[in-house]
Structure formats: structure tokens, C-alpha cells
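A.B. asks: Input file: data27.cif. Contents: mmCIF, C-alpha atoms.
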```
data_query
#
loop_
_atom_site.label_atom_id
_atom_site.label_comp_id
_atom_site.auth_asym_id
_atom_site.auth_seq_id
_atom_site.Cartn_x
_atom_site.Cartn_y
_atom_site.Cartn_z
CA MET A 160 0.00 0.00 0.00
CA ASN A 161 1.33 3.44 -0.96
CA PHE A 162 0.37 6.89 0.31
CA ASN A 163 -2.47 7.25 -2.24
CA ASP A 164 -4.01 4.00 -1.02
CA PHE A 165 -3.82 5.31 2.54
CA THR A 166 -5.61 8.53 1.68
CA GLN A 167 -8.19 6.56 -0.32
CA ARG A 168 -8.87 4.25 2.62
CA LEU A 169 -9.06 7.25 4.92
CA GLY A 170 -11.72 8.79 2.70
CA GLN A 171 -13.75 5.56 2.62
CA VAL A 172 -13.98 5.25 6.41
CA ASP A 173 -17.43 5.99 7.76
CA ALA A 174 -18.73 6.19 11.31
CA ARG A 175 -20.25 2.70 11.28
CA GLY A 176 -17.11 1.05 9.91
CA LEU A 177 -14.94 2.98 12.34
CA GLY A 178 -17.06 1.81 15.26
CA ILE A 179 -16.78 -1.82 14.15
CA GLU A 180 -13.00 -1.57 13.87
CA LEU A 181 -12.66 0.14 17.24
CA ALA A 182 -14.84 -2.51 18.88
CA ALA A 183 -12.76 -5.26 17.28
CA LEU A 184 -9.51 -3.61 18.38
CA VAL A 185 -10.74 -3.22 21.97
CA ALA A 186 -11.83 -6.87 21.98
CA CYS A 187 -8.35 -7.92 20.77
CA VAL A 188 -6.67 -5.92 23.55
CA VAL A 189 -9.01 -7.34 26.20
CA LEU A 190 -8.48 -10.91 25.00
CA ALA A 191 -4.70 -10.42 24.96
CA TRP A 192 -4.77 -8.86 28.43
CA GLY A 193 -6.93 -11.63 29.87
CA ALA A 194 -4.82 -14.41 28.37
CA THR A 195 -1.59 -12.78 29.58
CA ARG A 196 -3.01 -12.36 33.10
CA TRP A 197 -4.17 -15.99 33.11
CA PHE A 198 -0.86 -17.47 32.02
CA GLY A 199 1.28 -15.08 34.06
CA ARG A 200 -0.25 -15.57 37.49
CA ASP A 201 2.68 -17.45 39.04
CA GLN A 202 5.51 -16.16 36.84
CA PRO A 203 8.61 -14.45 38.32
CA LYS A 204 9.03 -10.70 38.03
CA ASP A 205 12.08 -11.02 35.76
CA SER A 206 10.24 -13.11 33.17
CA ILE A 207 10.79 -11.96 29.59
CA TRP A 208 7.34 -13.18 28.52
CA PHE A 209 5.36 -11.46 31.30
CA GLY A 210 7.59 -8.73 32.78
CA GLU A 211 7.06 -7.12 36.17
CA ARG A 212 3.44 -6.05 35.64
CA THR A 213 2.26 -8.67 33.11
CA PHE A 214 1.45 -6.18 30.35
CA ASP A 215 5.07 -4.95 30.05
CA GLY A 216 6.31 -8.35 28.91
CA LEU A 217 6.57 -9.80 25.41
CA LEU A 218 3.47 -12.02 25.47
CA PHE A 219 0.87 -9.22 25.67
CA PRO A 220 1.85 -7.37 22.44
CA LEU A 221 2.36 -10.69 20.63
CA LEU A 222 -1.14 -11.93 21.50
CA ALA A 223 -2.62 -8.53 20.68
CA LEU A 224 -0.77 -8.61 17.33
CA VAL A 225 -2.13 -12.08 16.49
CA PHE A 226 -5.71 -11.17 17.46
CA ALA A 227 -5.57 -7.83 15.62
CA GLU A 228 -4.23 -9.48 12.44
CA LEU A 229 -7.00 -12.10 12.55
CA ALA A 230 -9.60 -9.39 13.06
CA ARG A 231 -8.12 -7.33 10.22
CA ARG A 232 -8.33 -10.27 7.82
CA LEU A 233 -11.89 -10.95 8.90
CA VAL A 234 -13.14 -7.35 8.67
CA SER A 235 -11.31 -6.62 5.40
CA GLY A 236 -13.71 -8.95 3.60
CA TYR A 237 -16.65 -6.65 4.36
CA GLN A 238 -15.26 -3.09 4.47
CA PRO A 239 -12.07 -1.03 4.07
CA VAL A 240 -9.78 -1.47 7.07
CA LEU A 241 -7.80 1.37 8.64
CA VAL A 242 -7.91 1.24 12.46
CA LEU A 243 -7.02 -2.45 12.67
CA ARG A 244 -4.17 -1.87 10.23
CA ILE A 245 -2.83 0.83 12.55
CA GLY A 246 -3.29 -1.51 15.51
CA VAL A 247 -1.32 -4.28 13.81
CA SER A 248 1.62 -1.96 13.10
CA VAL A 249 1.53 -0.57 16.65
CA PHE A 250 1.48 -4.03 18.26
CA LEU A 251 4.27 -5.23 15.95
CA SER A 252 6.51 -2.31 16.91
CA LEU A 253 5.66 -2.79 20.58
CA ALA A 254 6.55 -6.51 20.36
CA VAL A 255 9.92 -5.73 18.79
CA ILE A 256 10.68 -3.10 21.44
CA ARG A 257 9.66 -5.43 24.27
CA LEU A 258 11.75 -8.27 22.82
CA PHE A 259 14.94 -6.21 22.69
CA ALA A 260 14.29 -4.41 26.00
CA ARG A 261 13.40 -7.44 28.13
CA VAL A 262 16.17 -9.66 26.75
CA MET A 263 18.88 -7.01 27.10
CA ARG A 264 17.78 -6.18 30.65
CA ALA A 265 17.86 -9.84 31.59
CA VAL A 266 21.32 -10.41 30.11
CA PHE A 267 22.89 -7.05 31.08
CA PRO A 268 20.90 -5.84 34.11
CA ALA A 269 23.33 -3.09 35.24
CA SER A 270 24.45 -1.65 31.89
CA ASN A 271 23.74 1.97 31.00
CA LEU A 272 24.29 1.15 27.32
CA VAL A 273 21.15 -1.00 27.40
CA ARG A 274 18.95 2.04 28.07
CA LEU A 275 20.49 3.90 25.13
CA LEU A 276 19.94 0.86 22.92
CA GLU A 277 16.32 0.59 24.06
CA ARG A 278 15.62 4.22 23.18
CA THR A 279 17.28 3.85 19.77
CA ILE A 280 15.29 0.71 18.93
CA SER A 281 12.08 2.37 20.14
CA TRP A 282 12.58 5.38 17.87
CA LEU A 283 13.40 3.20 14.86
CA ALA A 284 10.43 0.87 15.48
CA TRP A 285 7.91 3.69 15.88
CA MET A 286 9.26 5.53 12.82
CA ALA A 287 8.96 2.35 10.74
CA ALA A 288 5.40 1.83 12.04
CA ILE A 289 4.37 5.38 11.11
CA LEU A 290 5.87 5.06 7.63
CA TRP A 291 4.08 1.75 7.11
CA ILE A 292 0.75 3.14 8.32
CA VAL A 293 0.79 6.13 5.96
CA GLY A 294 2.12 4.01 3.09
CA LEU A 295 5.53 5.68 2.80
CA LEU A 296 7.63 2.69 3.85
CA PRO A 297 7.83 1.04 0.36
CA PRO A 298 9.03 4.26 -1.34
CA VAL A 299 11.61 4.81 1.40
CA LEU A 300 12.90 1.24 1.00
CA ALA A 301 13.05 1.71 -2.75
CA GLU A 302 15.14 4.86 -2.30
CA LEU A 303 17.46 3.05 0.12
CA ASP A 304 17.82 0.21 -2.37
CA GLY A 305 18.97 2.72 -4.98
CA ILE A 306 21.81 3.99 -2.76
CA THR A 307 24.79 1.66 -3.17
CA LEU A 308 28.14 1.53 -1.42
CA ALA A 309 31.18 0.04 -3.11
CA PHE A 310 33.47 -2.32 -1.18
CA GLY A 311 36.22 -3.15 -3.63
CA LYS A 312 34.57 -4.86 -6.59
CA THR A 313 31.33 -5.49 -4.70
CA SER A 314 28.46 -3.00 -4.48
CA VAL A 315 25.96 -3.26 -1.65
CA SER A 316 22.78 -1.23 -1.34
CA LEU A 317 21.98 0.67 1.82
CA GLN A 318 18.76 -1.32 2.18
CA THR A 319 20.75 -4.58 2.24
CA ILE A 320 23.05 -3.20 4.93
CA ILE A 321 20.11 -2.10 7.08
CA GLN A 322 18.36 -5.44 6.62
CA GLY A 323 21.58 -7.25 7.53
CA VAL A 324 22.05 -5.18 10.69
CA LEU A 325 18.44 -5.73 11.75
CA SER A 326 18.59 -9.47 10.98
CA ALA A 327 21.87 -9.86 12.86
CA GLY A 328 20.50 -7.89 15.81
CA LEU A 329 17.33 -9.99 15.94
CA VAL A 330 19.24 -13.27 15.72
CA LEU A 331 21.76 -12.22 18.36
CA VAL A 332 19.00 -11.10 20.74
CA ILE A 333 17.23 -14.44 20.32
CA ALA A 334 20.56 -16.22 20.93
CA LEU A 335 21.08 -14.21 24.12
CA TRP A 336 17.53 -15.05 25.18
CA ILE A 337 18.12 -18.78 24.66
CA ALA A 338 21.42 -18.58 26.55
CA ALA A 339 19.81 -16.74 29.47
CA THR A 340 16.96 -19.27 29.56
CA ILE A 341 19.40 -22.20 29.57
CA GLU A 342 21.40 -20.60 32.38
CA LYS A 343 18.31 -19.83 34.43
CA ARG A 344 16.23 -22.96 33.86
CA ILE A 345 18.83 -25.70 33.38
CA LEU A 346 22.27 -24.73 34.68
CA ARG A 347 21.03 -23.45 38.05
CA GLU A 348 19.51 -26.83 38.78
CA ALA A 349 22.01 -29.13 37.04
CA VAL A 350 25.25 -27.38 38.09
CA THR A 351 25.54 -26.58 41.80
CA ASP A 352 29.05 -25.16 41.72
CA LEU A 353 28.90 -21.43 40.99
CA SER A 354 32.21 -21.30 39.09
CA MET A 355 31.33 -24.25 36.84
CA ARG A 356 27.91 -22.73 36.20
CA LYS A 357 29.62 -19.49 35.19
CA VAL A 358 31.97 -21.15 32.72
CA ALA A 359 29.11 -23.23 31.29
CA SER A 360 26.90 -20.16 30.81
CA ASN A 361 29.76 -18.22 29.18
CA ALA A 362 30.51 -21.11 26.82
CA VAL A 363 26.82 -21.57 25.88
CA ARG A 364 26.42 -17.83 25.26
CA ALA A 365 29.55 -17.65 23.11
CA ILE A 366 28.53 -20.67 21.01
CA LEU A 367 24.98 -19.40 20.49
CA LEU A 368 26.20 -15.92 19.55
CA LEU A 369 28.63 -17.39 17.02
CA VAL A 370 25.97 -19.64 15.48
CA GLY A 371 23.46 -16.78 15.44
CA LEU A 372 25.91 -14.45 13.76
CA LEU A 373 26.68 -17.04 11.06
CA PHE A 374 22.95 -17.56 10.42
CA ALA A 375 22.39 -13.81 10.20
CA LEU A 376 25.24 -13.34 7.73
CA SER A 377 23.99 -16.24 5.65
CA ALA A 378 20.44 -14.81 5.65
CA VAL A 379 21.55 -11.51 4.13
CA GLY A 380 23.57 -13.25 1.40
CA VAL A 381 27.11 -13.03 2.79
CA ASP A 382 29.37 -15.80 1.50
CA LEU A 383 30.66 -17.55 4.61
CA THR A 384 33.67 -18.94 2.78
CA ALA A 385 35.01 -15.39 2.66
CA LEU A 386 35.25 -15.47 6.45
CA SER A 387 38.27 -17.76 6.21
CA VAL A 388 40.38 -14.75 5.29
CA LEU A 389 38.89 -12.87 8.21
CA GLY A 390 39.64 -15.80 10.51
CA GLY A 391 43.29 -15.81 9.41
CA ALA A 392 43.58 -12.08 9.99
CA LEU A 393 41.94 -12.46 13.38
CA GLY A 394 44.42 -15.19 14.31
CA VAL A 395 47.34 -12.96 13.38
CA GLY A 396 45.82 -10.11 15.37
CA LEU A 397 45.40 -12.31 18.42
CA GLY A 398 48.97 -13.47 18.07
CA PHE A 399 50.42 -9.96 18.00
CA GLY A 400 48.16 -7.08 18.97
CA LEU A 401 45.62 -8.93 21.12
CA GLN A 402 47.84 -11.36 22.96
CA LYS A 403 47.15 -9.76 26.35
CA LEU A 404 43.41 -9.83 25.73
CA ALA A 405 43.57 -13.45 24.59
CA ALA A 406 45.71 -14.35 27.62
CA ASN A 407 43.12 -12.83 29.96
CA TYR A 408 40.29 -14.73 28.27
CA VAL A 409 42.16 -18.03 28.44
CA SER A 410 43.15 -17.34 32.06
CA GLY A 411 39.51 -16.68 32.94
CA PHE A 412 38.41 -20.09 31.67
CA VAL A 413 41.40 -21.75 33.40
CA ILE A 414 40.43 -20.16 36.72
CA LEU A 415 36.81 -21.26 36.35
CA LEU A 416 37.75 -24.80 35.34
CA GLU A 417 40.48 -25.34 37.96
CA ARG A 418 38.36 -23.72 40.70
CA SER A 419 41.48 -22.64 42.55
CA ILE A 420 39.75 -19.30 43.02
CA ARG A 421 35.97 -19.27 43.27
CA ILE A 422 33.24 -16.69 43.57
CA GLY A 423 32.79 -15.86 47.26
CA ASP A 424 36.42 -16.56 48.26
CA ASN A 425 38.33 -13.99 50.28
CA VAL A 426 41.64 -13.33 48.55
CA LYS A 427 44.58 -10.97 48.79
CA VAL A 428 46.18 -9.78 45.55
CA ASP A 429 49.29 -7.66 46.13
CA THR A 430 48.09 -5.33 48.90
CA PHE A 431 44.37 -5.44 48.05
CA GLU A 432 42.21 -7.79 50.09
CA GLY A 433 38.54 -8.56 49.55
CA ARG A 434 35.88 -11.01 48.44
CA ILE A 435 35.50 -12.21 44.85
CA THR A 436 32.08 -11.08 43.64
CA ASP A 437 32.30 -12.17 40.00
CA ILE A 438 34.69 -13.86 37.57
CA LYS A 439 34.33 -12.54 34.03
CA THR A 440 36.01 -14.03 31.00
CA ARG A 441 38.55 -11.17 30.96
CA TYR A 442 38.78 -9.90 34.54
CA THR A 443 37.79 -10.67 38.13
CA LEU A 444 35.93 -8.32 40.48
CA ILE A 445 37.21 -8.18 44.08
CA ARG A 446 35.24 -6.15 46.62
CA ALA A 447 36.91 -4.99 49.82
CA GLY A 448 35.14 -4.62 53.15
CA ASN A 449 35.13 -0.81 52.86
CA GLY A 450 33.15 -0.96 49.61
CA ARG A 451 36.01 -0.42 47.17
CA GLU A 452 36.09 -2.74 44.19
CA ALA A 453 39.16 -3.81 42.22
CA ILE A 454 39.15 -5.04 38.62
CA VAL A 455 41.99 -7.55 38.36
CA PRO A 456 42.96 -9.03 34.95
CA ASN A 457 42.68 -12.80 34.99
CA GLU A 458 46.25 -13.19 33.77
CA SER A 459 47.49 -11.56 36.99
CA LEU A 460 45.68 -14.18 39.07
CA ILE A 461 47.44 -16.93 37.09
CA THR A 462 50.97 -15.53 36.94
CA SER A 463 51.27 -13.68 40.27
CA ARG A 464 51.03 -14.68 43.92
CA VAL A 465 47.47 -14.74 45.27
CA GLU A 466 46.55 -15.52 48.87
CA ASN A 467 43.27 -17.42 49.05
CA LEU A 468 42.03 -16.85 52.59
CA SER A 469 39.05 -19.17 52.11
CA MET A 470 40.54 -22.07 50.19
CA ALA A 471 41.19 -24.59 52.97
CA ASP A 472 39.73 -23.02 56.09
CA ARG A 473 37.22 -20.28 56.71
CA LYS A 474 38.88 -19.37 60.03
CA PHE A 475 40.66 -16.04 59.93
CA ASN A 476 43.15 -14.95 62.58
CA ILE A 477 43.14 -11.38 63.93
CA THR A 478 45.60 -9.94 66.44
CA THR A 479 45.73 -6.88 68.66
CA SER A 480 48.43 -5.66 71.05
CA ILE A 481 48.48 -3.73 74.33
CA VAL A 482 51.29 -2.49 76.62
CA VAL A 483 50.77 -2.43 80.43
CA GLY A 484 53.01 -1.46 83.32
CA TYR A 485 55.82 -3.73 84.53
CA ASP A 486 54.17 -4.11 87.96
CA SER A 487 50.98 -5.62 86.42
CA ASP A 488 49.81 -9.18 87.16
CA VAL A 489 50.49 -11.17 83.98
CA ALA A 490 47.79 -13.78 84.60
CA GLN A 491 45.20 -11.09 85.35
CA VAL A 492 46.01 -9.19 82.14
CA GLN A 493 45.80 -12.40 80.08
CA ALA A 494 42.42 -13.21 81.60
CA ILE A 495 41.07 -9.72 80.86
CA LEU A 496 42.22 -9.85 77.24
CA CYS A 497 40.76 -13.33 76.63
CA ALA A 498 37.46 -12.39 78.30
CA ALA A 499 37.15 -9.30 76.08
CA ALA A 500 37.55 -11.47 72.98
CA LYS A 501 35.15 -14.18 74.15
CA ALA A 502 32.46 -11.59 74.81
CA GLN A 503 32.15 -10.88 71.07
CA ALA A 504 29.63 -13.06 69.24
CA ARG A 505 31.70 -13.26 66.04
CA VAL A 506 34.81 -14.60 67.81
CA MET A 507 35.13 -18.37 67.53
CA THR A 508 35.33 -20.57 70.60
CA ASP A 509 37.31 -23.28 68.77
CA PRO A 510 40.13 -22.38 68.67
CA GLU A 511 39.78 -20.19 71.73
CA PRO A 512 41.28 -16.71 72.00
CA VAL A 513 44.80 -16.83 73.43
CA THR A 514 47.06 -14.13 74.88
CA TYR A 515 50.86 -14.12 74.83
CA LEU A 516 53.44 -11.96 76.57
CA ALA A 517 55.07 -10.89 73.34
CA SER A 518 58.00 -8.77 74.51
CA PHE A 519 59.47 -6.54 77.21
CA ALA A 520 58.87 -3.16 75.66
CA PRO A 521 60.70 -0.01 76.81
CA ASP A 522 57.52 1.32 78.39
CA GLY A 523 56.04 -1.91 79.83
CA LEU A 524 54.94 -5.45 79.11
CA GLU A 525 53.58 -5.98 75.59
CA PHE A 526 50.74 -8.52 75.29
CA THR A 527 49.35 -9.88 72.00
CA LEU A 528 45.81 -11.23 71.76
CA ASN A 529 45.06 -13.77 69.02
CA PHE A 530 41.49 -14.66 68.12
CA TRP A 531 39.67 -16.16 65.12
CA VAL A 532 36.52 -15.29 63.19
CA ALA A 533 34.65 -17.40 60.65
CA ASP A 534 33.21 -14.50 58.63
CA PRO A 535 36.04 -12.17 57.60
CA ASP A 536 33.87 -10.82 54.78
CA LYS A 537 31.83 -8.94 57.42
CA GLY A 538 34.90 -6.92 58.38
CA LYS A 539 37.90 -7.25 60.67
CA ASP A 540 38.45 -3.73 61.94
CA ASN A 541 34.98 -3.56 63.48
CA VAL A 542 35.45 -6.65 65.66
CA ARG A 543 39.02 -5.58 66.55
CA SER A 544 37.72 -2.16 67.62
CA ALA A 545 35.00 -3.68 69.80
CA ILE A 546 37.55 -5.95 71.51
CA ASN A 547 39.99 -3.06 72.06
CA ILE A 548 37.25 -1.04 73.75
CA ALA A 549 36.37 -3.99 75.98
CA ILE A 550 40.09 -4.47 76.86
CA LEU A 551 40.47 -0.81 77.78
CA GLU A 552 37.40 -0.89 80.01
CA GLY A 553 38.52 -4.16 81.64
CA LEU A 554 42.05 -2.90 82.39
CA ARG A 555 40.75 0.36 83.83
CA SER A 556 38.23 -1.48 86.02
CA ALA A 557 40.98 -3.79 87.33
CA GLY A 558 43.31 -0.86 88.00
CA VAL A 559 45.96 -2.08 85.58
CA ASP A 560 48.30 0.71 84.56
CA ILE A 561 48.58 1.56 80.87
CA PRO A 562 51.81 3.59 80.80
CA TYR A 563 52.54 6.56 78.62
CA PRO A 564 55.76 6.41 76.58
CA GLN A 565 58.70 7.79 78.60
CA ARG A 566 61.99 9.05 77.25
CA VAL A 567 65.09 10.50 79.00
CA LEU A 568 66.67 13.53 77.41
CA ARG A 569 70.34 14.21 78.26
CA VAL A 570 71.88 17.58 77.44
CA GLU A 571 75.62 17.01 76.96
CA SER A 572 76.67 20.35 75.56
CA LEU A 573 75.41 23.43 77.39
CA PRO A 574 75.11 26.95 76.10
CA PRO A 575 77.21 29.66 77.73
CA GLY A 576 75.99 30.63 81.21
CA VAL A 577 74.63 27.18 82.12
CA SER A 578 76.87 25.23 84.51
CA ALA A 579 74.82 22.18 85.49
CA THR A 580 73.68 19.08 83.62
CA ARG A 581 69.96 18.68 83.56
CA GLU A 582 67.87 15.56 82.90
CA ALA A 583 64.28 15.77 81.85
CA ALA A 584 61.76 12.95 81.53
CA VAL A 585 59.37 13.32 78.68
#
```
Would you encode the structure as C-alpha cells?
C.D. replies:
Amino acid sequence: MNFNDFTQRLGQVDARGLGIELAALVACVVLAWGATRWFGRDQPKDSIWFGERTFDGLLFPLLALVFAELARRLVSGYQPVLVLRIGVSVFLSLAVIRLFARVMRAVFPASNLVRLLERTISWLAWMAAILWIVGLLPPVLAELDGITLAFGKTSVSLQTIIQGVLSAGLVLVIALWIAATIEKRILREAVTDLSMRKVASNAVRAILLLVGLLFALSAVGVDLTALSVLGGALGVGLGFGLQKLAANYVSGFVILLERSIRIGDNVKVDTFEGRITDIKTRYTLIRAGNGREAIVPNESLITSRVENLSMADRKFNITTSIVVGYDSDVAQVQAILCAAAKAQARVMTDPEPVTYLASFAPDGLEFTLNFWVADPDKGKDNVRSAINIAILEGLRSAGVDIPYPQRVLRVESLPPGVSATREAAV
């Protein structure tokens, strides 16, 4: 249908025919809404088919599209159709937008680029719908087909490029949807280990994306045998310019397969200590107790020294020191320090807290308290601070002296007019 057909149909619409079409369109929306509500009663909020509020999922516009197309075919046998034609184009655009939006949000939930992509797809879908409604889409496509771009000896029309991009995007989104469904429905139940589930989901996603891209290229008429040259060039690029990137990707799969470092482990890399929150194919995220997050390349975790604080034992040792006067009762001080540690709920009872007389310091006796916690990811400074406060209160209550640092200053050379040697205690 061209623009003249649209204006002709618009002139043929009467009040009775318009009422019939509006009634049919409302009935299609109600049927789609009721069916979506019926099937989506017990569905999760992150479902791609049903969404958070049932109508913002993919199923509602798809059902409305099917019902509106059936109604359009039925009514077109008796009268010119305009409103149902507009409804079909609107529901088709809405289905495409919902497909891209819901799948991308499910696969990349925290990406700001997804919102930009959603807005771009929405604008393109609504513009295409408007052009199709008014009958200007065929002329626009014909104009795009007349614009050709030369790539060497091959000429490709702009319409073919746009169709290829749209086909590739649709296939890749469907591949991502299948990968997310496999990870959510199958891998979460079949694979209990989080690291193995991660490597399986990454492998499934990569394979599906590769297969989807090949299908998309084949659909738009690209000769896949020409990709052999591209594969050779890519291999050379990986060997020279992308060797670090390739090393990080390989290291990521090695880490996930060996499980020497797993998600949830507390590790120390160089001077940064924290809990592993995620292992990507290229890098690993480590979150410290103060909220800072480090992005560590996977190659560094393979080639450098990494302390895994959770590999063999979840117990974590924490120490604190205190200096008391030389006239203090050693047994009494040890009892006060151990009691202060045992009073904290996070401190383990096996092994028990233990206190040692570490050294004879210049200002007094130095005691070291050793205690263990089973949840270092909840913080170490907070439990150490609480124990130090309890130690201070216990020593003050028992009358144990906590000496100030003392130093003796000797003045050997005196200025003129001073005849005596003075000693001062600071």
C-alpha cells in the first residue's frame, strides 16, 4: 500500500465502519490482556514473557498482534480497514521493542548502554510503524535500495546493509535469550558449583552468539567462505596485537575450570584484600570490606602470587596488642584480654582466644591477643575495635596501669651561662 491508497482508505472510512473496527480492536486488547493475566499468574518478576506487571512483557503485544491481524483479515472482507491496520503496526513495533528491551535487561541488568539501545530501537520501530501506516515505507525502502556503497569490486545497497544489521540484531537477541533461559532454567539446577555454572553459561552464550551471527550473515547473502580470510587475519591479530586480551580470556576459563579461586572466596592480591564477587572471561571483580572494588585481569591471578584466605579453612586470625606497666599481674592481664575477645559473638570458641606476653617493651609489658573469626567478609576492623574497647574498660576497672611512653633527654653540651647538667623525663 502506498500513500495514495492510505488517503483513499481514509476517505472511505465511515462512522459505522470505524465503530466496528474500534470494537474489534478493543476486543483484541481485552483478550490479549486476559490471556496474559491468566498465564502469568505465578511467573517471576524477571520473566521476559510477562515482565514485572504482566502487560510490560513480550506475550501481551504478541497476542494482541495475532488477534488484531485475525480481526483485520476478517473485517477486510466486508469493508475497508484502517484502524485495525494501525493496531497491527503498533502491536508489531511494541513486540519488537519489548523483545529487545526485556532480553537485554535480563542479560545485562546493570548496563547503561542497554537504556540507550532501548531508546534507539524504540525510535526506529515507531518511525517504521508510522511510515508503514501512511504508506511511505515502500518508497523509502526503494530509495534506500537505490543507494549503493562500493566495497572493492562489490556494491551493496543501503537497504541490504540495514536489513543485515536488523537481521543480525534480531538473531543475536534471540541467541542471548536462549542462553539466558538455559542458564536460568537448566544450569542453576544441574550445576551446583557457581564457578562451573559461570563457565558453562559463558561457553553456551559464546557458542549461540557465534551460530546466530553465522545464520544472520547467511540470511543476508554473505558468503561464509570469505570469512576464512577474516579468521586468518583475526588469528594474526590475536597473536600480535591482542595477545594480552587473549591471555586474559584463556586465564579466565582456566580459573573457572580449575576452581582454585571461586566466587565468594576472600583473597589478597598484592596489597588489596577482599571477596570475589564475579569472575568474568577477561577480569575478576574483588570487593573490599570498605566498599572499594578492584578489577583484576585474569592473567594476573594466574601468573602472580594470590593468597586465598578461604581455600582450605574459613577461620581467619586477627591480632591486637596492648602495653601495660611492669608491675601488672600477667595472669590477670591475660584473663582480661581473653574475656574481652570471648564476649564478642563473632569470635570463635574453637580455637579459643589466646594471649601471649610478646615482649618486654621499653615502656612496659607488651601482650598480643590472638582470636579467630569465621566470617572475615563482614569486616575485621569492626570486631578488633570492639575488643579493644572492651580491653580498655577491663584494664581500667581492674586498676591495671597503661603507661605513657617515657623518654630521657640528656643535654651534653650546654650553652654559655649554664653550669649544670639537667635531665628531663618526657
A.B. asks: Using only C-alpha atoms, which of A:Val483, A:Ala183, A:Val413, A:Ala288 sits nearest Arg232 of chain A?
C.D. replies: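 Closest residue, counting only C-alpha atoms: A:Ala183.
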A.B. asks: Which is closest to Gly553 of chain A among A:Val370, A:Ala499, A:Leu524, A:Val273, if we use all atoms listed in the file?
C.D. replies: A:Ala499
A.B. asks: Hey, what's within 12 Å of Asp215 of chain A if we count all atoms listed in the file and toss same-chain stuff fewer than 3 positions away? As a VMD selection string, please?
C.D. replies: chain A and resid 192 195 to 196 199 204 to 212 218 to 221 253 to 254 256 to 258 260 to 261
A.B. asks: I'd like the contact shell of Leu283 of chain A - 12 Å cut-off, only C-alpha atoms, skipping same-chain residues fewer than 3 positions apart - returned as a list in words.
C.D. replies: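 Listed by chain and then number, they are Ser252, Leu253, Val255, Ile256, Leu276, Glu277, Arg278, Thr279, Ile280, Met286, Ala287, Ala288, Ile289, Leu290, Ile321 and Leu325 of chain A.
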A.B. asks: Which residues are near segment 177-182 of chain A? Cut-off 8 Å, only C-alpha atoms, ignore same chain within fewer than 5 positions. Put them as an NGL selection string.
C.D. replies: :A and (172 or 234 or 240-243)
A.B. asks: Find the residues near segment 535-544 of chain A: any atom within 7 Å, counting only C-alpha atoms, skip ones fewer than 5 places away on the same chain, and give them as an NGL selection string.
C.D. replies: :A and (434 or 448 or 475)
A.B. asks: Generate the missing atoms of segment 508-514 of chain A up to all heavy atoms and report them as an mmCIF file, in the frame of the given file.
C.D. replies:
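Writing the result to part.cif gives the following:
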```cif
data_model
loop_
_atom_site.group_PDB
_atom_site.id
_atom_site.type_symbol
_atom_site.label_atom_id
_atom_site.label_comp_id
_atom_site.auth_asym_id
_atom_site.auth_seq_id
_atom_site.Cartn_x
_atom_site.Cartn_y
_atom_site.Cartn_z
ATOM 1 N N THR A 508 34.940 -19.917 69.354
ATOM 2 C CA THR A 508 35.330 -20.570 70.600
ATOM 3 C C THR A 508 36.271 -21.741 70.365
ATOM 4 O O THR A 508 36.873 -22.253 71.308
ATOM 5 C CB THR A 508 34.073 -21.059 71.344
ATOM 6 O OG1 THR A 508 33.335 -21.955 70.491
ATOM 7 C CG2 THR A 508 33.189 -19.875 71.714
ATOM 8 N N ASP A 509 36.381 -22.201 69.113
ATOM 9 C CA ASP A 509 37.310 -23.280 68.770
ATOM 10 C C ASP A 509 37.978 -22.944 67.449
ATOM 11 O O ASP A 509 37.344 -23.016 66.394
ATOM 12 C CB ASP A 509 36.567 -24.616 68.654
ATOM 13 C CG ASP A 509 37.514 -25.777 68.411
ATOM 14 O OD1 ASP A 509 38.717 -25.615 68.718
ATOM 15 O OD2 ASP A 509 37.056 -26.827 67.929
ATOM 16 N N PRO A 510 39.240 -22.518 67.509
ATOM 17 C CA PRO A 510 40.130 -22.380 68.670
ATOM 18 C C PRO A 510 39.779 -21.151 69.519
ATOM 19 O O PRO A 510 39.240 -20.168 69.003
ATOM 20 C CB PRO A 510 41.500 -22.224 68.027
ATOM 21 C CG PRO A 510 41.224 -21.629 66.690
ATOM 22 C CD PRO A 510 39.928 -22.205 66.244
ATOM 23 N N GLU A 511 40.095 -21.263 70.802
ATOM 24 C CA GLU A 511 39.780 -20.190 71.730
ATOM 25 C C GLU A 511 40.772 -19.038 71.578
ATOM 26 O O GLU A 511 41.896 -19.228 71.109
ATOM 27 C CB GLU A 511 39.837 -20.715 73.171
ATOM 28 C CG GLU A 511 38.736 -21.708 73.522
ATOM 29 C CD GLU A 511 38.776 -22.077 74.988
ATOM 30 O OE1 GLU A 511 39.776 -21.698 75.651
ATOM 31 O OE2 GLU A 511 37.833 -22.714 75.462
ATOM 32 N N PRO A 512 40.340 -17.836 71.980
ATOM 33 C CA PRO A 512 41.280 -16.710 72.000
ATOM 34 C C PRO A 512 42.430 -16.993 72.973
ATOM 35 O O PRO A 512 42.229 -17.604 74.034
ATOM 36 C CB PRO A 512 40.428 -15.537 72.466
ATOM 37 C CG PRO A 512 39.020 -15.935 72.172
ATOM 38 C CD PRO A 512 38.966 -17.416 72.331
ATOM 39 N N VAL A 513 43.622 -16.572 72.605
ATOM 40 C CA VAL A 513 44.800 -16.830 73.430
ATOM 41 C C VAL A 513 45.637 -15.558 73.484
ATOM 42 O O VAL A 513 45.704 -14.799 72.518
ATOM 43 C CB VAL A 513 45.622 -18.016 72.866
ATOM 44 C CG1 VAL A 513 46.096 -17.722 71.458
ATOM 45 C CG2 VAL A 513 46.795 -18.353 73.768
ATOM 46 N N THR A 514 46.255 -15.328 74.654
ATOM 47 C CA THR A 514 47.060 -14.130 74.880
ATOM 48 C C THR A 514 48.494 -14.545 75.201
ATOM 49 O O THR A 514 48.723 -15.461 75.988
ATOM 50 C CB THR A 514 46.486 -13.304 76.037
ATOM 51 O OG1 THR A 514 45.117 -12.988 75.762
ATOM 52 C CG2 THR A 514 47.267 -12.012 76.209
#
```
